[in-house]
Each structure stands twice: as C-alpha cells, then as structure tokens.
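Q: For reference, the file final-v2.cif (mmCIF, C-alpha atoms) is included below:
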data_upload
#
loop_
_atom_site.label_atom_id
_atom_site.label_comp_id
_atom_site.auth_asym_id
_atom_site.auth_seq_id
_atom_site.Cartn_x
_atom_site.Cartn_y
_atom_site.Cartn_z
CA MET A 16 -12.79 4.13 7.63
CA SER A 17 -9.25 4.30 6.46
CA LEU A 18 -8.04 1.04 7.95
CA PHE A 19 -10.45 -0.96 5.81
CA ASN A 20 -8.87 0.62 2.77
CA VAL A 21 -5.59 -1.07 3.71
CA PHE A 22 -7.22 -4.32 2.56
CA ASN A 23 -7.94 -2.83 -0.86
CA ILE A 24 -4.44 -1.39 -1.16
CA SER A 25 -2.56 -4.50 -0.03
CA GLY A 26 -4.94 -6.72 -1.95
CA SER A 27 -4.32 -4.84 -5.19
CA ALA A 28 -0.57 -5.07 -4.58
CA MET A 29 -0.83 -8.80 -3.92
CA SER A 30 -2.70 -9.45 -7.14
CA ALA A 31 -0.24 -7.28 -9.07
CA GLN A 32 2.73 -9.12 -7.59
CA SER A 33 1.17 -12.50 -8.31
CA GLN A 34 0.67 -11.41 -11.91
CA ARG A 35 4.35 -10.56 -12.00
CA LEU A 36 5.17 -13.98 -10.58
CA ASN A 37 2.96 -15.48 -13.28
CA ALA A 38 4.99 -13.68 -15.96
CA VAL A 39 8.20 -14.96 -14.35
CA ALA A 40 6.83 -18.51 -14.37
CA SER A 41 5.90 -18.20 -18.03
CA ASN A 42 9.34 -16.83 -18.90
CA LEU A 43 11.19 -19.55 -16.99
CA ALA A 44 9.00 -22.30 -18.41
CA ASN A 45 9.62 -21.05 -21.94
CA ALA A 46 13.31 -20.34 -21.52
CA ASP A 47 14.06 -22.97 -24.17
CA SER A 48 11.00 -22.64 -26.42
CA ALA A 49 12.63 -22.06 -29.77
CA THR A 50 9.22 -21.60 -31.36
CA SER A 51 5.87 -20.27 -30.17
CA ALA A 52 2.32 -19.95 -31.47
CA ASN A 53 3.35 -17.45 -34.16
CA GLY A 54 6.40 -19.40 -35.24
CA THR A 55 9.01 -17.02 -33.82
CA PRO A 56 11.03 -17.75 -30.69
CA TYR A 57 9.27 -16.97 -27.39
CA LYS A 58 9.85 -13.43 -26.16
CA SER A 59 10.33 -12.65 -22.48
CA LYS A 60 7.29 -10.92 -20.94
CA GLN A 61 7.50 -8.20 -18.29
CA VAL A 62 4.72 -6.52 -16.33
CA VAL A 63 4.57 -2.75 -15.81
CA PHE A 64 3.15 -1.53 -12.50
CA SER A 65 1.29 1.69 -12.02
CA ALA A 66 -0.30 3.37 -9.00
CA MET A 67 -4.10 3.07 -8.94
CA PRO A 68 -6.41 5.30 -6.90
CA THR A 69 -8.44 3.45 -4.28
CA GLY A 70 -11.10 4.61 -1.84
CA SER A 71 -9.14 7.52 -0.40
CA PRO A 72 -7.53 10.22 -2.57
CA ASP A 73 -4.14 10.09 -0.82
CA ALA A 74 -3.33 6.41 -0.64
CA SER A 75 -3.05 4.46 -3.86
CA GLY A 76 -3.00 0.77 -4.68
CA VAL A 77 -1.21 -0.95 -7.54
CA LYS A 78 -2.36 -2.29 -10.86
CA VAL A 79 -0.62 -3.94 -13.77
CA LEU A 80 -0.68 -1.24 -16.42
CA LYS A 81 0.42 -3.53 -19.26
CA VAL A 82 2.44 -6.60 -20.05
CA ILE A 83 5.25 -5.79 -22.42
CA GLU A 84 7.40 -8.09 -24.54
CA ASP A 85 11.09 -7.75 -24.01
CA ASN A 86 12.60 -6.65 -27.33
CA SER A 87 16.20 -7.38 -26.46
CA PRO A 88 17.99 -9.52 -29.08
CA ALA A 89 17.35 -13.26 -29.01
CA LYS A 90 20.05 -15.71 -28.01
CA VAL A 91 21.64 -17.45 -30.98
CA VAL A 92 22.94 -20.93 -30.28
CA TYR A 93 25.02 -23.11 -32.58
CA ASP A 94 23.26 -26.48 -32.82
CA PRO A 95 23.25 -27.92 -36.37
CA LYS A 96 21.21 -30.97 -35.31
CA HIS A 97 18.27 -28.85 -34.11
CA PRO A 98 15.27 -29.05 -36.48
CA LEU A 99 14.93 -25.26 -36.42
CA ALA A 100 18.58 -24.55 -37.17
CA ASN A 101 19.26 -22.26 -40.16
CA ASP A 102 21.56 -23.25 -43.01
CA LYS A 103 24.62 -22.14 -41.01
CA GLY A 104 23.58 -24.34 -38.08
CA TYR A 105 22.38 -21.58 -35.71
CA VAL A 106 19.10 -21.67 -33.72
CA THR A 107 17.40 -18.55 -32.39
CA MET A 108 16.45 -19.16 -28.76
CA PRO A 109 14.22 -16.99 -26.51
CA ASN A 110 15.68 -13.84 -24.97
CA VAL A 111 14.81 -14.99 -21.45
CA ASN A 112 17.55 -14.15 -18.96
CA VAL A 113 17.18 -16.88 -16.36
CA THR A 114 19.23 -15.06 -13.71
CA GLU A 115 17.16 -11.92 -14.12
CA GLU A 116 13.95 -13.93 -13.87
CA MET A 117 15.09 -15.62 -10.66
CA VAL A 118 15.84 -12.22 -9.12
CA ASN A 119 12.44 -11.02 -10.32
CA MET A 120 10.82 -14.04 -8.70
CA ILE A 121 12.46 -13.42 -5.32
CA SER A 122 11.55 -9.73 -5.47
CA ALA A 123 7.91 -10.50 -6.30
CA SER A 124 7.71 -13.11 -3.57
CA ARG A 125 9.15 -10.77 -0.92
CA ALA A 126 6.88 -7.92 -1.98
CA TYR A 127 3.91 -10.28 -1.75
CA GLN A 128 4.95 -11.31 1.77
CA ASN A 129 5.30 -7.68 2.81
CA ASN A 130 1.76 -6.99 1.68
CA VAL A 131 0.39 -10.04 3.45
CA GLU A 132 1.97 -8.79 6.67
CA THR A 133 0.57 -5.33 6.11
CA MET A 134 -2.87 -6.80 5.68
CA ASN A 135 -2.51 -8.97 8.78
CA ALA A 136 -1.41 -6.00 10.86
CA ALA A 137 -4.42 -3.99 9.69
CA LYS A 138 -6.68 -6.92 10.50
CA THR A 139 -5.28 -7.21 14.04
CA MET A 140 -5.72 -3.47 14.54
CA LEU A 141 -9.31 -3.55 13.36
CA LEU A 142 -10.15 -6.55 15.53
CA LYS A 143 -8.63 -4.81 18.55
CA THR A 144 -10.66 -1.72 17.73
CA LEU A 145 -13.80 -3.82 17.87
CA THR A 146 -13.03 -4.78 21.45
CA ILE A 147 -13.13 -1.18 22.78
CA GLY A 148 -15.14 -1.09 25.95
CA GLN A 149 -15.41 -4.85 26.33
CA GLN A 150 -14.00 -6.89 29.25
CA MET B 3 -23.66 14.56 30.27
CA LEU B 4 -23.12 12.50 27.10
CA ASN B 5 -21.36 15.50 25.62
CA ARG B 6 -18.86 15.38 28.46
CA LEU B 7 -18.20 11.70 27.90
CA ASP B 8 -17.69 12.36 24.23
CA GLU B 9 -15.24 15.18 24.98
CA ALA B 10 -13.28 12.97 27.35
CA LEU B 11 -12.77 10.36 24.65
CA SER B 12 -12.36 12.70 21.70
CA PHE B 13 -8.58 13.11 22.04
CA HIS B 14 -7.89 9.43 21.64
CA GLN B 15 -10.59 9.12 19.04
CA ASN B 16 -8.76 11.74 16.98
CA ALA B 17 -5.48 9.98 17.63
CA LEU B 18 -6.92 6.71 16.35
CA ARG B 19 -8.28 8.40 13.24
CA VAL B 20 -4.96 10.04 12.38
CA ARG B 21 -3.07 6.80 13.12
CA GLY B 22 -5.50 4.93 10.87
CA GLN B 23 -4.94 7.42 8.06
CA ARG B 24 -1.20 7.13 8.51
CA GLN B 25 -1.36 3.34 8.48
CA GLU B 26 -3.25 3.51 5.20
CA LEU B 27 -0.63 5.80 3.64
CA ILE B 28 2.23 3.56 4.75
CA ALA B 29 0.36 0.50 3.44
CA ALA B 30 0.10 2.31 0.09
CA ASN B 31 3.85 2.99 0.17
CA ILE B 32 4.58 -0.68 0.85
CA ALA B 33 2.14 -1.75 -1.86
CA ASN B 34 3.84 0.52 -4.40
CA ALA B 35 7.39 -0.55 -3.58
CA ASP B 36 7.88 -1.68 -7.19
CA THR B 37 5.85 0.96 -9.02
CA PRO B 38 8.00 3.18 -11.28
CA ASN B 39 7.95 6.89 -10.38
CA PHE B 40 5.94 6.36 -7.21
CA LYS B 41 6.90 8.80 -4.45
CA ALA B 42 6.55 7.63 -0.84
CA ARG B 43 4.32 9.83 1.31
CA ASP B 44 3.63 10.18 5.00
CA ILE B 45 1.69 12.38 7.40
CA ASP B 46 3.39 14.63 9.94
CA PHE B 47 1.56 13.06 12.87
CA LYS B 48 2.16 15.98 15.25
CA ALA B 49 0.76 18.55 12.83
CA ALA B 50 -2.18 16.32 11.89
CA MET B 51 -2.99 15.69 15.54
CA GLN B 52 -2.73 19.38 16.41
CA SER B 53 -5.08 20.35 13.62
CA ALA B 54 -7.45 17.54 14.58
CA VAL B 55 -7.56 18.70 18.21
CA ALA B 56 -7.79 22.41 17.32
CA GLY B 57 -10.88 22.00 15.19
CA ILE B 58 -12.39 19.20 17.19
CA ASN B 59 -13.77 16.57 14.84
CA LYS B 60 -13.22 18.82 11.88
CA ASN B 61 -12.71 15.90 9.56
CA ALA B 62 -14.89 13.45 11.42
CA PHE B 63 -18.02 15.11 10.11
CA GLN B 64 -16.86 15.51 6.54
CA THR B 65 -19.61 14.18 4.34
CA THR B 66 -19.70 13.20 0.72
CA LYS B 67 -21.65 15.77 -1.25
CA THR B 68 -23.34 14.50 -4.38
CA SER B 69 -25.35 17.64 -5.01
CA PRO B 70 -24.46 21.35 -4.64
CA LEU B 71 -27.56 21.74 -2.46
CA HIS B 72 -26.11 19.49 0.23
CA LEU B 73 -25.00 21.24 3.40
CA ASP B 74 -21.39 21.41 4.51
CA GLY B 75 -20.61 18.95 7.28
CA THR B 76 -17.93 21.16 8.87
CA PRO B 77 -18.91 23.29 11.88
CA ALA B 78 -19.08 27.00 10.99
CA SER B 79 -16.59 28.06 13.68
CA ASN B 80 -13.87 25.87 12.21
CA SER B 81 -14.43 26.54 8.54
CA ASN B 82 -11.61 29.12 8.37
CA THR B 83 -8.89 26.69 9.43
CA SER B 84 -7.18 25.29 6.37
CA ALA B 85 -6.60 21.57 6.02
CA ALA B 86 -2.90 22.13 5.25
CA PRO B 87 -1.35 20.76 8.46
CA GLY B 88 -1.51 17.00 8.48
CA GLU B 89 -1.72 16.72 4.72
CA PRO B 90 0.42 13.92 3.26
CA LEU B 91 3.97 15.05 2.46
CA PHE B 92 6.63 13.41 0.33
CA ARG B 93 9.23 11.43 2.20
CA PRO B 94 12.85 12.59 1.82
CA ILE B 95 14.84 10.36 -0.52
CA ILE B 96 17.42 8.23 1.26
CA GLN B 97 18.58 6.04 -1.59
CA GLY B 98 17.05 6.96 -4.91
CA SER B 99 16.42 4.25 -7.48
CA VAL B 100 16.72 4.27 -11.26
CA ASP B 101 12.96 3.98 -11.87
CA GLY B 102 12.16 7.11 -9.82
CA ASN B 103 10.60 5.16 -6.96
CA THR B 104 11.38 6.60 -3.51
CA VAL B 105 9.98 3.83 -1.30
CA ASP B 106 12.58 2.57 1.17
CA MET B 107 11.19 -0.69 2.47
CA ASP B 108 13.16 -0.55 5.75
CA VAL B 109 11.81 2.88 6.62
CA GLU B 110 8.28 1.89 5.67
CA ARG B 111 8.34 -1.34 7.67
CA ASN B 112 9.71 0.53 10.68
CA GLN B 113 7.08 3.21 10.50
CA PHE B 114 4.34 0.67 9.88
CA ALA B 115 5.21 -1.34 12.99
CA ASP B 116 5.69 1.82 15.05
CA ASN B 117 2.39 3.28 13.95
CA GLY B 118 0.56 0.00 14.57
CA ILE B 119 1.87 -0.24 18.13
CA ARG B 120 0.97 3.37 18.86
CA TYR B 121 -2.51 2.70 17.49
CA GLU B 122 -2.87 -0.18 19.92
CA ALA B 123 -1.53 2.02 22.71
CA SER B 124 -4.30 4.51 21.99
CA LEU B 125 -6.81 1.66 22.11
CA THR B 126 -5.47 0.55 25.49
CA LEU B 127 -5.74 4.11 26.79
CA ILE B 128 -9.33 4.42 25.60
CA ASN B 129 -10.17 1.14 27.28
CA ALA B 130 -8.54 2.31 30.51
CA GLN B 131 -10.50 5.58 30.37
CA LEU B 132 -13.74 3.69 29.86
CA LYS B 133 -12.92 1.44 32.79
CA GLN B 134 -12.25 4.48 34.96
CA MET B 135 -15.56 6.03 34.00
CA LEU B 136 -17.38 2.78 34.65
CA ALA B 137 -15.74 2.54 38.07
CA ALA B 138 -16.80 6.12 38.83
CA ILE B 139 -20.38 5.40 37.74
CA GLN B 140 -20.77 2.11 39.56
CA GLY B 141 -18.77 3.07 42.66
CA SER B 142 -16.63 0.39 44.25
#
Would you mind writing the structure in this file as structure tokens?

A:
Amino acid sequence: MSLFNVFNISGSAMSAQSQRLNAVASNLANADSATSANGTPYKSKQVVFSAMPTGSPDASGVKVLKVIEDNSPAKVVYDPKHPLANDKGYVTMPNVNVTEEMVNMISASRAYQNNVETMNAAKTMLLKTLTIGQQ
Amino acid sequence: MLNRLDEALSFHQNALRVRGQRQELIAANIANADTPNFKARDIDFKAAMQSAVAGINKNAFQTTKTSPLHLDGTPASNSNTSAAPGEPLFRPIIQGSVDGNTVDMDVERNQFADNGIRYEASLTLINAQLKQMLAAIQGS
C-alpha cells in the first residue's frame, strides 16, 4: 500500500532534517569555542544528505550520508589578553559562520514542517479511505 | 453477481491506486528537497490510468516472488502489455540549483494538494456508487 510508505519517506526526511538542526545547534553553541576536546579550535560540522530506498523502488526517503567538518580557514581574532593568544596576540576562533548557520536553521525547520504536513495529509487520506462504505 | 459489483468499482479503485502511488512519489520529492543530485519525479496520471484500465488490475495482482518456482500474478491475456506508460518520469527543470537538485517546492506542494483532493474526490465517488447500489438492493 503506497500511502503507508509516505510515513516512511516523510519520517526519514524528518529525522534527517532534525539531525541537520542538531548540527546547526552544535555549530551555533560552539561559535566561540576557541578550543575543543583535541585542543584545536572547534570546526563547523555539516551534514550530507543522500536519497535512501524505502519500501517501493520508485520513491526514496532521505538519510544522512555523513557528517563532514568544514575545512574553511579559521577566524583569527586579535585579543592579546586571551589565554590562548599566540605570541603576536592573535587567537584562532572556530570557522562557524553564524549567518550561514541561521539560514541553515530556517531551511531545516521549513523542510521539517513540509514533511510534517505531507505526513498529515497522507494520514487524513488513509483515514478517509477507511471510511469507504460507512454512513 | 459479485464480479459485476467488482467491475463497477474497479475504475475508481484503479484511480485510488494510481493517486496513492503519485502521492508517494511527490512525498519522496518533498522529502528530498535538500538532497544533492536528487531529481524530482512524477507519474503521468493519464497514461498510468489508461494502462491501469486497459489491463484491468494488472498491477493489483503483482506478487512478490521469492522463488523462481512461484507463479506470475499477472493474468495471461495482459502479459504482453509493457509497464512503460505510467512509469515515473523526471520533472522538467524550472529553476536548477547548484547542487543538482531539481525539486521545486512550490510545484511539489501544488501537486501534492491537488493529488490529495482528487484522491478524496475518488473516495467520495466510490461512496456515492456504494450508496446507489445499496439503494437499488434495498429498494426505497
């Protein structure tokens, strides 16, 4: 029954989008973390989506293929009083682009909403189908 | 007698099946709106419906075969018709994006709502048909 598969498809997309939102939250929270577990400044994390086959061969869901670290150059800030400043007074800060992350957040949130609506529509359709011949 | 009843309802039954398949495809397009290199797909409803009506219930009886000894579920008279019409096709690109994704959310949302309403219209028609039959059976 193809309509039931809509739940799998939208559900996979919702979990993928929430994972993306999770990455955004981590990036925003660590936007000023000049050091991390391995001693280097925090690196921005990005998720990579990929289509994933579900029940039917034609319609595919979504999965997070991998989480990559953004390798763009780190921000260098002049702050001689910072404990991590080098001998010239510069501190290496994370390469998180706050504007980009905010856009990412809105995009993930909208995509999530779209999938919720898709799922709701499928649910209404299935419930209506169950009422055939009643009344 | 039951055969006749089945035939009377089969058109809308096929319509519901094709609409359901289409809804699934559009849901997949919406789900993959952010997947790089994903190409949006859709069914040509007219062609799918025509092929569904021509070989009545051709796909309805398709069974999963786990052994080569299993029999084919398709009726022999319809086995020569190819499944090509009604197969998912790629949607034309309206505004391409850098990551190779061709999902246009406006188009998908439109088609999703449209398809959902037509699905419900088919349901209403089936219900009306059933009511008619019941009225004919019960008289008055």

Q: For a quick test of understanding: name the residues of chain B lying within 6 Å of chain A when counting all atoms listed in the file, and present them as a list in words.

A: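 That gives Gly22, Gln23, Glu26, Leu27, Ala30, Ala33, Thr37 and Asn129 of chain B for chain B.
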
Q: Grab the CA of Gln134 (chain B) to CA of Leu142 (chain A) distance for me, in Å with one decimal place.

A: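 Here the two named atoms are 22.4 Å from each other.
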
Q: Kindly give the distance, in Å, that separates CA of Val39 (chain A) and CA of Asn119 (chain A), rounded to a single decimal.

A: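 If I compute the distance from CA of Val39 (chain A) to CA of Asn119 (chain A), I get 7.1 Å.
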
Q: Please evaluate the PyMOL selection byres ((chain B and resi 21) around 10) against the structure above and give the resulting residues as a ChimeraX atom specification.

A: /A:17-18 /B:15-20,22-27,45,47,50-51,117-122,124

Q: Return as a ChimeraX atom specification the set of residues that the PyMOL selection byres ((chain A and resi 51-58) around 9) yields on the displayed structure.

A: /A:42,45-50,59-60,84-87,89,107-111

Q: Please produce a file of the residues just selected, as an mmCIF file, in the frame of the given file, where the atoms kept are C-alpha atoms.

A:
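Done, and the output landed in out.cif:
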data_model
loop_
_atom_site.group_PDB
_atom_site.id
_atom_site.type_symbol
_atom_site.label_atom_id
_atom_site.label_comp_id
_atom_site.auth_asym_id
_atom_site.auth_seq_id
_atom_site.Cartn_x
_atom_site.Cartn_y
_atom_site.Cartn_z
ATOM 1 C CA ASN A 42 9.340 -16.830 -18.900
ATOM 2 C CA ASN A 45 9.620 -21.050 -21.940
ATOM 3 C CA ALA A 46 13.310 -20.340 -21.520
ATOM 4 C CA ASP A 47 14.060 -22.970 -24.170
ATOM 5 C CA SER A 48 11.000 -22.640 -26.420
ATOM 6 C CA ALA A 49 12.630 -22.060 -29.770
ATOM 7 C CA THR A 50 9.220 -21.600 -31.360
ATOM 8 C CA SER A 59 10.330 -12.650 -22.480
ATOM 9 C CA LYS A 60 7.290 -10.920 -20.940
ATOM 10 C CA GLU A 84 7.400 -8.090 -24.540
ATOM 11 C CA ASP A 85 11.090 -7.750 -24.010
ATOM 12 C CA ASN A 86 12.600 -6.650 -27.330
ATOM 13 C CA SER A 87 16.200 -7.380 -26.460
ATOM 14 C CA ALA A 89 17.350 -13.260 -29.010
ATOM 15 C CA THR A 107 17.400 -18.550 -32.390
ATOM 16 C CA MET A 108 16.450 -19.160 -28.760
ATOM 17 C CA PRO A 109 14.220 -16.990 -26.510
ATOM 18 C CA ASN A 110 15.680 -13.840 -24.970
ATOM 19 C CA VAL A 111 14.810 -14.990 -21.450
#

Q: Quick one: distance from CA of Tyr105 (chain A) to CA of Lys90 (chain A) in Å, one decimal?

A: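 So the answer is 10.0 Å.
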
Q: Which residues, named as in the file, does the PyMOL selection byres ((chain A and resi 94) around 8) pick out? Answer as a VMD selection string.

A: chain A and resid 92 to 93 95 to 97 100 104 to 106

Q: Quick one: residues within 12 Å of Val100 (chain B), only C-alpha atoms counted, chain neighbours fewer than 5 positions away excluded, as a ChimeraX atom specification?

A: /B:36-40
